[in-house]
>>> print(open('my_file21.cif').read())   # mmCIF, C-alpha atoms
data_protein
#
loop_
_atom_site.label_atom_id
_atom_site.label_comp_id
_atom_site.auth_asym_id
_atom_site.auth_seq_id
_atom_site.Cartn_x
_atom_site.Cartn_y
_atom_site.Cartn_z
CA MET A 1 104.03 93.76 124.39
CA ASN A 2 107.53 94.79 125.35
CA ASN A 3 109.15 96.80 128.12
CA VAL A 4 109.67 99.86 125.92
CA ILE A 5 105.96 100.18 125.19
CA GLU A 6 105.10 99.67 128.84
CA ALA A 7 107.61 102.36 129.87
CA GLN A 8 106.25 104.77 127.25
CA ALA A 9 102.73 104.15 128.50
CA GLN A 10 103.74 104.87 132.09
CA VAL A 11 105.29 108.19 131.09
CA ILE A 12 102.21 109.16 129.08
CA ALA A 13 99.89 108.15 131.92
CA GLU A 14 101.87 110.34 134.32
CA PHE A 15 101.67 113.35 131.98
CA LEU A 16 97.93 112.82 131.47
CA THR A 17 97.40 112.54 135.22
CA GLN A 18 99.02 115.97 135.48
CA ASP A 19 96.84 117.24 132.59
CA ASP A 20 99.96 118.00 130.53
CA SER A 21 99.14 117.10 126.94
CA MET A 22 101.95 119.27 125.54
CA SER A 23 104.55 117.14 127.33
CA CYS A 24 102.78 114.03 126.01
CA HIS A 25 103.12 115.30 122.44
CA LEU A 26 106.76 116.24 122.96
CA PHE A 27 107.50 112.85 124.52
CA LEU A 28 105.79 110.97 121.69
CA GLU A 29 107.58 113.11 119.11
CA ASN A 30 110.87 112.30 120.81
CA GLN A 31 109.91 108.62 120.55
CA HIS A 32 109.54 109.14 116.75
CA PHE A 33 105.75 108.89 116.54
CA SER A 34 104.22 110.83 113.68
CA LEU A 35 101.82 113.64 114.55
CA THR A 36 98.91 111.53 113.32
CA LYS A 37 99.87 108.67 115.64
CA GLN A 38 100.43 111.10 118.53
CA ASP A 39 96.95 112.51 118.09
CA LEU A 40 95.41 109.06 117.79
CA ILE A 41 97.06 107.83 121.00
CA LEU A 42 96.28 110.95 123.01
CA ASN A 43 92.70 111.29 121.77
CA GLN A 44 91.93 107.71 122.74
CA ALA A 45 93.81 108.01 126.04
CA ASN A 46 91.89 111.17 126.93
CA ARG A 47 88.60 109.33 126.39
CA MET A 48 89.45 106.76 129.04
CA GLU A 49 87.34 106.95 132.16
CA ARG A 50 90.45 106.31 134.22
CA ILE A 51 94.02 106.92 133.09
CA ASP A 52 95.59 103.49 132.97
CA ALA A 53 99.11 102.71 131.76
CA GLU A 54 98.12 99.18 130.69
CA GLN A 55 95.37 100.47 128.41
CA ILE A 56 97.67 103.15 127.03
CA ALA A 57 100.29 100.45 126.34
CA ARG A 58 97.68 98.55 124.31
CA LEU A 59 96.93 101.75 122.35
CA ILE A 60 100.61 102.25 121.60
CA ASP A 61 100.99 98.60 120.60
CA ASP A 62 98.03 98.92 118.22
CA VAL A 63 99.50 102.04 116.64
CA TYR A 64 102.93 100.46 116.05
#
>>> encode(input="my_file21.cif", output="structure tokens")
Amino acid sequence: MNNVIEAQAQVIAEFLTQDDSMSCHLFLENQHFSLTKQDLILNQANRMERIDAEQIARLIDDVY
């Protein structure tokens, strides 16, 4: 896993902590993720018991 994915995951985790899914979608769109991949990442991230940047980074890595 690289630093870019880890940084993306930290941003997403922060937005999810603030319950701001719209900003998550906009951020992922800006990072050139398709809408399908955005939904996949956010749906799985929202199912986490605890918002965790490391787990989100693994999700992003799997989607790439």
>>> resolve_selection(input="my_file21.cif", expression="the PyMOL selection byres ((chain A and resi 9) around 8)", output="compact mmCIF listing (two decimals) with C-alpha atoms, keeping the file's coordinate frame")
# COMPACT_ATOMS: atom_id res chain seq x y z
CA ILE A 5 105.96 100.18 125.19
CA GLU A 6 105.10 99.67 128.84
CA ALA A 7 107.61 102.36 129.87
CA GLN A 8 106.25 104.77 127.25
CA GLN A 10 103.74 104.87 132.09
CA VAL A 11 105.29 108.19 131.09
CA ILE A 12 102.21 109.16 129.08
CA ALA A 13 99.89 108.15 131.92
CA ALA A 53 99.11 102.71 131.76
CA GLU A 54 98.12 99.18 130.69
CA ILE A 56 97.67 103.15 127.03
CA ALA A 57 100.29 100.45 126.34
CA ILE A 60 100.61 102.25 121.60
>>> atom_distance(input="my_file21.cif", atom1="CA of Ser21 (chain A)", atom2="CA of Asp61 (chain A)")
19.6 Å
>>> resolve_selection(input="my_file21.cif", expression="the PyMOL selection byres ((chain A and resi 63) around 9)", output="PyMOL selection string")
chain A and resi 37+40-41+58-62+64
>>> resolve_selection(input="my_file21.cif", expression="the PyMOL selection byres ((chain A and resi 25) around 10)", output="ChimeraX atom specification")
/A:12,15,20-24,26-31,33-35,38-39,41-42
>>> write_last_selection(input="my_file21.cif", atoms="C-alpha atoms", output="short mmCIF file (atom, residue, chain, number, x, y, z; two decimals), in the frame of the given file")
data_model
loop_
_atom_site.label_atom_id
_atom_site.label_comp_id
_atom_site.auth_asym_id
_atom_site.auth_seq_id
_atom_site.Cartn_x
_atom_site.Cartn_y
_atom_site.Cartn_z
CA ILE A 12 102.21 109.16 129.08
CA PHE A 15 101.67 113.35 131.98
CA ASP A 20 99.96 118.00 130.53
CA SER A 21 99.14 117.10 126.94
CA MET A 22 101.95 119.27 125.54
CA SER A 23 104.55 117.14 127.33
CA CYS A 24 102.78 114.03 126.01
CA LEU A 26 106.76 116.24 122.96
CA PHE A 27 107.50 112.85 124.52
CA LEU A 28 105.79 110.97 121.69
CA GLU A 29 107.58 113.11 119.11
CA ASN A 30 110.87 112.30 120.81
CA GLN A 31 109.91 108.62 120.55
CA PHE A 33 105.75 108.89 116.54
CA SER A 34 104.22 110.83 113.68
CA LEU A 35 101.82 113.64 114.55
CA GLN A 38 100.43 111.10 118.53
CA ASP A 39 96.95 112.51 118.09
CA ILE A 41 97.06 107.83 121.00
CA LEU A 42 96.28 110.95 123.01
#
>>> atom_distance(input="my_file21.cif", atom1="CA of Asn3 (chain A)", atom2="CA of Ala45 (chain A)")
19.1 Å
>>> residues_near_point(input="my_file21.cif", point="(91.2, 110.1, 135.8)", cutoff="12 Å", atoms="all atoms listed in the file", output="list in words")
Ala13, Glu14, Phe15, Leu16, Thr17, Gln18, Asp19, Ala45, Asn46, Arg47, Met48, Glu49, Arg50, Ile51, Asp52 and Ala53 of chain A
>>> axis_aligned_box(input="my_file21.cif", around="region 40-52 of chain A", padding_each_side="3 Å", output="JSON")
{"center_x": 92.2, "center_y": 107.4, "center_z": 126.0, "size_x": 15.7, "size_y": 13.8, "size_z": 22.4}
>>> decode(input="my_file21.cif", residues="chain A", atoms="C-alpha atoms", output="PDB file, in the first residue's frame")
ATOM      1  CA  MET A   1       0.000   0.000   0.000  1.00  0.00           C
ATOM      2  CA  ASN A   2       1.313   3.449  -0.784  1.00  0.00           C
ATOM      3  CA  ASN A   3       1.203   6.869   0.836  1.00  0.00           C
ATOM      4  CA  VAL A   4      -1.452   8.169  -1.556  1.00  0.00           C
ATOM      5  CA  ILE A   5      -3.921   5.457  -0.565  1.00  0.00           C
ATOM      6  CA  GLU A   6      -3.180   6.006   3.110  1.00  0.00           C
ATOM      7  CA  ALA A   7      -3.734   9.765   2.726  1.00  0.00           C
ATOM      8  CA  GLN A   8      -6.997   9.193   0.843  1.00  0.00           C
ATOM      9  CA  ALA A   9      -8.166   6.849   3.580  1.00  0.00           C
ATOM     10  CA  GLN A  10      -7.407   9.409   6.280  1.00  0.00           C
ATOM     11  CA  VAL A  11      -9.445  12.060   4.475  1.00  0.00           C
ATOM     12  CA  ILE A  12     -12.366   9.668   4.004  1.00  0.00           C
ATOM     13  CA  ALA A  13     -12.204   8.574   7.638  1.00  0.00           C
ATOM     14  CA  GLU A  14     -12.348  12.207   8.747  1.00  0.00           C
ATOM     15  CA  PHE A  15     -15.395  12.914   6.563  1.00  0.00           C
ATOM     16  CA  LEU A  16     -17.140   9.766   7.818  1.00  0.00           C
ATOM     17  CA  THR A  17     -16.381  10.720  11.415  1.00  0.00           C
ATOM     18  CA  GLN A  18     -18.191  13.984  10.703  1.00  0.00           C
ATOM     19  CA  ASP A  19     -21.055  12.054   9.019  1.00  0.00           C
ATOM     20  CA  ASP A  20     -20.391  13.882   5.737  1.00  0.00           C
ATOM     21  CA  SER A  21     -20.912  11.348   2.960  1.00  0.00           C
ATOM     22  CA  MET A  22     -21.416  14.052   0.318  1.00  0.00           C
ATOM     23  CA  SER A  23     -17.871  15.329   0.878  1.00  0.00           C
ATOM     24  CA  CYS A  24     -16.639  11.729   0.694  1.00  0.00           C
ATOM     25  CA  HIS A  25     -18.257  11.302  -2.717  1.00  0.00           C
ATOM     26  CA  LEU A  26     -16.887  14.620  -3.948  1.00  0.00           C
ATOM     27  CA  PHE A  27     -13.415  13.758  -2.677  1.00  0.00           C
ATOM     28  CA  LEU A  28     -13.467  10.325  -4.310  1.00  0.00           C
ATOM     29  CA  GLU A  29     -14.764  11.820  -7.551  1.00  0.00           C
ATOM     30  CA  ASN A  30     -11.922  14.331  -7.461  1.00  0.00           C
ATOM     31  CA  GLN A  31      -9.552  11.379  -7.022  1.00  0.00           C
ATOM     32  CA  HIS A  32     -11.005   9.921 -10.271  1.00  0.00           C
ATOM     33  CA  PHE A  33     -12.939   7.026  -8.747  1.00  0.00           C
ATOM     34  CA  SER A  34     -15.980   5.959 -10.735  1.00  0.00           C
ATOM     35  CA  LEU A  35     -19.372   6.281  -9.060  1.00  0.00           C
ATOM     36  CA  THR A  36     -19.551   2.497  -8.713  1.00  0.00           C
ATOM     37  CA  LYS A  37     -16.211   2.404  -6.891  1.00  0.00           C
ATOM     38  CA  GLN A  38     -17.214   5.380  -4.725  1.00  0.00           C
ATOM     39  CA  ASP A  39     -20.375   3.589  -3.650  1.00  0.00           C
ATOM     40  CA  LEU A  40     -18.509   0.353  -3.003  1.00  0.00           C
ATOM     41  CA  ILE A  41     -15.906   2.054  -0.802  1.00  0.00           C
ATOM     42  CA  LEU A  42     -18.402   4.150   1.139  1.00  0.00           C
ATOM     43  CA  ASN A  43     -20.926   1.336   1.617  1.00  0.00           C
ATOM     44  CA  GLN A  44     -18.255  -0.924   3.061  1.00  0.00           C
ATOM     45  CA  ALA A  45     -16.739   1.876   5.139  1.00  0.00           C
ATOM     46  CA  ASN A  46     -20.145   2.753   6.586  1.00  0.00           C
ATOM     47  CA  ARG A  47     -20.595  -0.864   7.700  1.00  0.00           C
ATOM     48  CA  MET A  48     -17.475  -0.736   9.846  1.00  0.00           C
ATOM     49  CA  GLU A  49     -18.111  -0.864  13.567  1.00  0.00           C
ATOM     50  CA  ARG A  50     -15.425   1.761  14.046  1.00  0.00           C
ATOM     51  CA  ILE A  51     -14.198   4.179  11.404  1.00  0.00           C
ATOM     52  CA  ASP A  52     -10.601   3.216  10.812  1.00  0.00           C
ATOM     53  CA  ALA A  53      -8.293   4.747   8.205  1.00  0.00           C
ATOM     54  CA  GLU A  54      -6.232   1.543   7.916  1.00  0.00           C
ATOM     55  CA  GLN A  55      -9.284  -0.534   7.035  1.00  0.00           C
ATOM     56  CA  ILE A  56     -10.479   2.124   4.603  1.00  0.00           C
ATOM     57  CA  ALA A  57      -7.016   2.092   2.989  1.00  0.00           C
ATOM     58  CA  ARG A  58      -7.373  -1.670   2.472  1.00  0.00           C
ATOM     59  CA  LEU A  59     -10.794  -1.089   0.853  1.00  0.00           C
ATOM     60  CA  ILE A  60      -9.326   1.504  -1.498  1.00  0.00           C
ATOM     61  CA  ASP A  61      -6.400  -0.786  -2.323  1.00  0.00           C
ATOM     62  CA  ASP A  62      -8.807  -3.621  -3.135  1.00  0.00           C
ATOM     63  CA  VAL A  63     -10.858  -1.367  -5.405  1.00  0.00           C
ATOM     64  CA  TYR A  64      -7.827  -0.130  -7.373  1.00  0.00           C
TER      65      TYR A  64
END
